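Report on the structure given below.
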Amino acid sequence: MDKEFALDPHGLQQAIDWMGREFSTLESLDLPTHLPQLGMGSLAALNSLAPSILGGAAGLGKATSFAHMDPPTPWITWALTLWNASLNQNLLHPATSPVAGDIEKRVVDWLTPFFGMDGGHMTPGSTVANLTALWSARECAGISEVIASEGAHLSIAKAAHILGLTYKSIPINAQGSIDAAQLPVNLSQSALVLTAGTTSTGAVDALDLAGKAAWTHVDAAWAGPLRLTKHAPVLAGIDLADSVAVSAHKWLFQPKESALVLFKNTEKAHAAISFGGAYLATPNIGVLGSHGAAATALLATLLAWGQEGLAQRIEHAMKLAQHLSEFVASDERLQLYAQPQTGIVVWGPKDASLFHHIQSSLPVGSTSATTVSGVQWFRNVAANPQADIEGLVAAIKDSLNYNRHAT
């Protein structure tokens with residue numbers, strides 16, 4: 001028996017020990033230029049890579065992390081990811097995933113009612129989920145064009161291009177959501193994509209537009225999980241859509257790559273995007289062929305936390321964003337782009353010349369930048385419930401006060 005395929009408790013314990021270490025300085029990753037003729041052994045490779053991989057990664061769970069839509073992950077997902085890697089289940093074949101396939105169906109069944117859908121499946125991310133939904137729209141509704149706002153994720157235009165569909169971009173209003181007045185009158189050949197939580201500003205398009213086109217898809221990659229919280233009304237009308245995309249590796253706190261595409265009429269949608277093969281016991285649904293058991297980590301998290309535990313963490317993150325926005329609104333030197341809807345705070349100095357000074361003064365990983373209608377703004381994203389907002393506020397104040405003293 002090849003010991004490399006057997007359980008090595010010592011090796012796995014070594015990996016866990018590395019995860020618990022603090023790295024004061026980053027060691028450079030010293031790799032050979034060419035593929036080694038002889039291997040160094042698994043433990044040696046593990047110890048060689050750990051300082052760079054673990055020490056050089058962005059700390060998404062650190063108190064200063066509040067810049068991007070990438071959350072920390074709970075430890076239970078680390079355990080399930082380890083199990084998944086050891087088992088290597090392939091959901092393309094029921095025979096190679098007798099339990100994992102059922103788990104994915106159960107997770108989808110748990111989540112679909114919150115969105116008014118009746119089923120769906122998992123994908124590696126919302127880029128694939130959006131592509132899958134628009135593929136279904138083309139097959140089921142005969143659409144020839146895709147319409148979305150200027151604030152829509154780039155995956156929407158990408159999906160239209162892949163599918164050979166015309167793409168139309170609609171201007172945004174002052175709040176960053178689609179300007180409904182600019183929509184074409186005739187949407188009978190259109191898939192209208194509404195965004196629930198735009199990447200730049202977190203804006204939510206008017207979801208009461210759902211049903212106005214031949215097909216309505218809601219890209220809820222970011223804000224979708226709000227439907228499981230007291231903030232569910234922010235996404236009122238999402239249940240009127242034909243399809244919805246949600247990124248589990250955002251506000252469902254899952255490891256990448258994990259997302260869902262959900263449908264109002266799953267039987268029809270899945271039938272339209274299914275292919276058979278002589279080697280397949282059941283038809284292959286959607287864009288992917290082989291895909292792994294990402295649902296097991298999501299199911300474990302939902303079992304561990306329940307809806308209440310998940311909601312508690314998202315709601316706390318929303319409070320952190322609200323605290324930051326209230327500070328910005330109260331400081332006469334700063335301005336908000338708009339009141340945050342989905343935990344994304346977009347703000348900047350009224351004196352644009354201060355932008356780069358403030359940017360260089362803030363803690364690494366605390367704040368990102370975005371451009372809206374040609375104007376630069378700072379962007380903070382409430383993906384990390386462990387963020388220290390008081391510390392961020394203090395850093396912004398220090399930056400502003402330093403500039404005041406310098407002048």
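We name chains A, B, ... following the order of the structure tokens; residues begin at 1 in each chain, and ligands are numbered from 1 as shown.
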Neighbour list for Gln376 of chain A as number ranges by chain, cut-off 12 Å, only C-alpha atoms, skip fewer than 5 positions in-chain: A: 200-201, 337, 346-356, 359, 368-371
Filtering to C-alpha atoms, could you give me those residues as a PDB file, in the first residue's frame?
ATOM      1  CA  SER A 200     -18.790  48.826  -5.979  1.00  0.00           C
ATOM      2  CA  THR A 201     -21.495  50.352  -3.795  1.00  0.00           C
ATOM      3  CA  TYR A 337     -21.674  58.317  -1.693  1.00  0.00           C
ATOM      4  CA  VAL A 346     -18.675  54.131   0.056  1.00  0.00           C
ATOM      5  CA  TRP A 347     -17.195  57.429   1.176  1.00  0.00           C
ATOM      6  CA  GLY A 348     -14.461  59.951   0.578  1.00  0.00           C
ATOM      7  CA  PRO A 349     -12.948  63.276   1.623  1.00  0.00           C
ATOM      8  CA  LYS A 350     -14.717  66.392   0.428  1.00  0.00           C
ATOM      9  CA  ASP A 351     -11.259  67.650  -0.478  1.00  0.00           C
ATOM     10  CA  ALA A 352     -10.267  65.210  -3.234  1.00  0.00           C
ATOM     11  CA  SER A 353      -6.590  66.125  -2.841  1.00  0.00           C
ATOM     12  CA  LEU A 354      -6.573  64.212   0.464  1.00  0.00           C
ATOM     13  CA  PHE A 355      -7.599  60.908  -1.112  1.00  0.00           C
ATOM     14  CA  HIS A 356      -4.158  59.365  -1.608  1.00  0.00           C
ATOM     15  CA  GLN A 359      -5.455  55.789   1.455  1.00  0.00           C
ATOM     16  CA  SER A 368     -10.436  49.406  -0.777  1.00  0.00           C
ATOM     17  CA  ALA A 369     -11.052  51.957  -3.518  1.00  0.00           C
ATOM     18  CA  THR A 370     -13.597  52.095  -6.307  1.00  0.00           C
ATOM     19  CA  THR A 371     -14.537  54.468  -9.098  1.00  0.00           C
TER      20      THR A 371
END
Residues near Pro71 of chain A, cut-off 8 Å, only C-alpha atoms, skip fewer than 4 positions along chain, as a list in words: Leu60, Gly61, His249, Lys250, Trp251, Phe253, Ala383 and Asn384 of chain A
Between segment 42-147 of chain A and segment 213-232 of chain A, at 12 Å or less, what are the per-residue closest atom pairs and their distances in Å? Count only C-alpha atoms, order by chain and rising residue number, and return it as CSV.
residue,atom,partner,partner_atom,distance
A:His68,CA,A:Trp222,CA,10.9
A:Met69,CA,A:Trp222,CA,7.5
A:Asp70,CA,A:Trp222,CA,10.0
A:Pro71,CA,A:Trp222,CA,11.2
A:Trp110,CA,A:Leu228,CA,10.9
A:Leu111,CA,A:Leu228,CA,8.7
A:Thr112,CA,A:Arg227,CA,10.4
A:Pro113,CA,A:Arg227,CA,9.7
A:Phe114,CA,A:Arg227,CA,5.9
A:Phe115,CA,A:Arg227,CA,7.2
A:Gly116,CA,A:Arg227,CA,10.4
A:Met117,CA,A:Val218,CA,11.6
A:Thr123,CA,A:Ala221,CA,11.8
A:Pro124,CA,A:Ala221,CA,11.9
A:Gly125,CA,A:Ala221,CA,8.4
A:Ser126,CA,A:Ala221,CA,5.9
A:Thr127,CA,A:Ala221,CA,9.0
A:Val128,CA,A:Ala221,CA,11.1
A:Ala129,CA,A:Asp219,CA,8.7
A:Asn130,CA,A:Asp219,CA,6.9
A:Leu131,CA,A:His217,CA,10.5
A:Thr132,CA,A:His217,CA,10.6
A:Ala133,CA,A:His217,CA,7.0
A:Leu134,CA,A:His217,CA,7.6
A:Trp135,CA,A:His217,CA,11.0
A:Ser136,CA,A:Trp215,CA,9.4
A:Ala137,CA,A:Trp215,CA,6.1
A:Arg138,CA,A:Trp215,CA,8.9
A:Glu139,CA,A:Trp215,CA,10.8
A:Cys140,CA,A:Trp215,CA,8.9
A:Ala141,CA,A:Ala214,CA,6.2
A:Gly142,CA,A:Ala214,CA,8.1
A:Ile143,CA,A:Ala214,CA,6.9
A:Ser144,CA,A:Ala214,CA,10.0
A:Glu145,CA,A:Ala214,CA,10.2
A:Val146,CA,A:Trp215,CA,9.4
A:Ile147,CA,A:Ala213,CA,9.6
Output file for the residues above (N, CA and C atoms, as an mmCIF file, in the first residue's frame):
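The result, stored in again-v5.cif:
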data_model
loop_
_atom_site.group_PDB
_atom_site.id
_atom_site.type_symbol
_atom_site.label_atom_id
_atom_site.label_comp_id
_atom_site.auth_asym_id
_atom_site.auth_seq_id
_atom_site.Cartn_x
_atom_site.Cartn_y
_atom_site.Cartn_z
ATOM 1 N N HIS A 68 -13.053 44.026 1.517
ATOM 2 C CA HIS A 68 -13.486 43.249 0.355
ATOM 3 C C HIS A 68 -14.641 42.306 0.729
ATOM 4 N N MET A 69 -15.221 41.669 -0.299
ATOM 5 C CA MET A 69 -16.360 40.775 -0.102
ATOM 6 C C MET A 69 -15.936 39.352 0.255
ATOM 7 N N ASP A 70 -14.740 39.221 0.803
ATOM 8 C CA ASP A 70 -14.201 37.904 1.135
ATOM 9 C C ASP A 70 -14.163 37.746 2.642
ATOM 10 N N PRO A 71 -14.987 36.850 3.201
ATOM 11 C CA PRO A 71 -15.098 36.734 4.662
ATOM 12 C C PRO A 71 -14.115 35.733 5.241
ATOM 13 N N TRP A 110 -33.199 23.735 1.615
ATOM 14 C CA TRP A 110 -33.272 24.603 2.798
ATOM 15 C C TRP A 110 -33.311 26.081 2.408
ATOM 16 N N LEU A 111 -32.538 26.443 1.381
ATOM 17 C CA LEU A 111 -32.339 27.859 1.070
ATOM 18 C C LEU A 111 -33.333 28.433 0.063
ATOM 19 N N THR A 112 -33.850 27.610 -0.834
ATOM 20 C CA THR A 112 -34.719 28.144 -1.891
ATOM 21 C C THR A 112 -35.950 28.891 -1.364
ATOM 22 N N PRO A 113 -36.608 28.455 -0.279
ATOM 23 C CA PRO A 113 -37.811 29.180 0.149
ATOM 24 C C PRO A 113 -37.566 30.648 0.490
ATOM 25 N N PHE A 114 -36.354 30.981 0.925
ATOM 26 C CA PHE A 114 -36.071 32.367 1.288
ATOM 27 C C PHE A 114 -36.041 33.289 0.066
ATOM 28 N N PHE A 115 -35.943 32.687 -1.116
ATOM 29 C CA PHE A 115 -35.865 33.469 -2.351
ATOM 30 C C PHE A 115 -37.073 33.269 -3.262
ATOM 31 N N GLY A 116 -38.034 32.468 -2.817
ATOM 32 C CA GLY A 116 -39.214 32.222 -3.633
ATOM 33 C C GLY A 116 -38.943 31.332 -4.822
ATOM 34 N N MET A 117 -37.842 30.581 -4.804
ATOM 35 C CA MET A 117 -37.507 29.663 -5.884
ATOM 36 C C MET A 117 -37.893 28.237 -5.471
ATOM 37 N N THR A 123 -22.712 25.928 -7.810
ATOM 38 C CA THR A 123 -21.682 26.227 -8.795
ATOM 39 C C THR A 123 -20.437 26.720 -8.037
ATOM 40 N N PRO A 124 -19.307 26.882 -8.725
ATOM 41 C CA PRO A 124 -18.105 27.347 -8.013
ATOM 42 C C PRO A 124 -18.137 28.824 -7.637
ATOM 43 N N GLY A 125 -19.051 29.590 -8.197
ATOM 44 C CA GLY A 125 -19.131 31.011 -7.899
ATOM 45 C C GLY A 125 -20.281 31.626 -8.667
ATOM 46 N N SER A 126 -20.574 32.890 -8.396
ATOM 47 C CA SER A 126 -21.717 33.510 -9.054
ATOM 48 C C SER A 126 -21.452 33.865 -10.515
ATOM 49 N N THR A 127 -20.192 33.914 -10.929
ATOM 50 C CA THR A 127 -19.924 34.069 -12.364
ATOM 51 C C THR A 127 -20.528 32.899 -13.127
ATOM 52 N N VAL A 128 -20.307 31.689 -12.641
ATOM 53 C CA VAL A 128 -20.891 30.509 -13.288
ATOM 54 C C VAL A 128 -22.397 30.455 -13.046
ATOM 55 N N ALA A 129 -22.843 30.874 -11.861
ATOM 56 C CA ALA A 129 -24.280 30.894 -11.581
ATOM 57 C C ALA A 129 -25.007 31.841 -12.528
ATOM 58 N N ASN A 130 -24.440 33.021 -12.757
ATOM 59 C CA ASN A 130 -25.057 33.981 -13.675
ATOM 60 C C ASN A 130 -25.078 33.455 -15.108
ATOM 61 N N LEU A 131 -23.979 32.846 -15.522
ATOM 62 C CA LEU A 131 -23.931 32.247 -16.857
ATOM 63 C C LEU A 131 -24.988 31.161 -16.996
ATOM 64 N N THR A 132 -25.117 30.331 -15.986
ATOM 65 C CA THR A 132 -26.097 29.237 -16.018
ATOM 66 C C THR A 132 -27.512 29.783 -16.113
ATOM 67 N N ALA A 133 -27.817 30.816 -15.322
ATOM 68 C CA ALA A 133 -29.160 31.397 -15.333
ATOM 69 C C ALA A 133 -29.494 31.995 -16.694
ATOM 70 N N LEU A 134 -28.535 32.694 -17.291
ATOM 71 C CA LEU A 134 -28.804 33.328 -18.591
ATOM 72 C C LEU A 134 -28.837 32.298 -19.714
ATOM 73 N N TRP A 135 -28.112 31.218 -19.557
ATOM 74 C CA TRP A 135 -28.225 30.100 -20.501
ATOM 75 C C TRP A 135 -29.645 29.533 -20.436
ATOM 76 N N SER A 136 -30.145 29.345 -19.238
ATOM 77 C CA SER A 136 -31.521 28.862 -19.075
ATOM 78 C C SER A 136 -32.516 29.855 -19.677
ATOM 79 N N ALA A 137 -32.256 31.148 -19.483
ATOM 80 C CA ALA A 137 -33.146 32.170 -20.045
ATOM 81 C C ALA A 137 -33.187 32.088 -21.561
ATOM 82 N N ARG A 138 -32.033 31.869 -22.168
ATOM 83 C CA ARG A 138 -31.991 31.757 -23.633
ATOM 84 C C ARG A 138 -32.774 30.551 -24.121
ATOM 85 N N GLU A 139 -32.623 29.435 -23.409
ATOM 86 C CA GLU A 139 -33.280 28.204 -23.844
ATOM 87 C C GLU A 139 -34.773 28.194 -23.519
ATOM 88 N N CYS A 140 -35.142 28.729 -22.360
ATOM 89 C CA CYS A 140 -36.540 28.633 -21.901
ATOM 90 C C CYS A 140 -37.407 29.796 -22.378
ATOM 91 N N ALA A 141 -36.823 30.974 -22.481
ATOM 92 C CA ALA A 141 -37.619 32.164 -22.814
ATOM 93 C C ALA A 141 -37.275 32.751 -24.169
ATOM 94 N N GLY A 142 -36.308 32.174 -24.862
ATOM 95 C CA GLY A 142 -35.966 32.637 -26.197
ATOM 96 C C GLY A 142 -35.418 34.050 -26.252
ATOM 97 N N ILE A 143 -34.728 34.464 -25.210
ATOM 98 C CA ILE A 143 -34.218 35.839 -25.177
ATOM 99 C C ILE A 143 -33.089 36.015 -26.200
ATOM 100 N N SER A 144 -32.944 37.243 -26.679
ATOM 101 C CA SER A 144 -31.873 37.560 -27.619
ATOM 102 C C SER A 144 -30.938 38.629 -27.071
ATOM 103 N N GLU A 145 -31.296 39.238 -25.935
ATOM 104 C CA GLU A 145 -30.449 40.271 -25.354
ATOM 105 C C GLU A 145 -30.475 40.205 -23.830
ATOM 106 N N VAL A 146 -29.420 40.727 -23.234
ATOM 107 C CA VAL A 146 -29.304 40.831 -21.786
ATOM 108 C C VAL A 146 -29.176 42.301 -21.431
ATOM 109 N N ILE A 147 -29.972 42.737 -20.464
ATOM 110 C CA ILE A 147 -29.963 44.133 -20.034
ATOM 111 C C ILE A 147 -29.623 44.186 -18.554
#
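Taking atom CA of Gly202 of chain A and atom CA of Ala152 of chain A as the two end points, the separation is 10.5 Å.
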DSSP strand (DSSP E) residues within segment 112-301 of chain A, listed as a ChimeraX atom specification: /A:119-123,145-149,166-170,190-195,215-219,243-247,259-263,274-275,284-285
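Note that DSSP on the backbone gives alpha helix (DSSP H) to these residues of segment 130-224 of chain A: Asn130, Leu131, Thr132, Ala133, Leu134, Trp135, Ser136, Ala137, Arg138, Glu139, Cys140, Ala141, Leu154, Ser155, Ile156, Ala157, Lys158, Ala159, Ala160, His161, Ile162 and Leu163 of chain A.
Of the residues listed (A:Gln341, A:Ser330, A:Ser399, A:Thr199), A:Ser399 shows the shortest atom-to-atom separation from Ser360 of chain A; distances use only C-alpha atoms.
Minimum distance to Leu207 of chain A across A:Ser243, A:Thr195, A:Gln339, A:Thr282 (counting only C-alpha atoms) occurs at A:Thr195.
Between Glu22 of chain A and the residues A:Met1, A:Val204, A:Ala148, A:Leu54, the shortest atom-to-atom distance, using only C-alpha atoms, involves A:Leu54.
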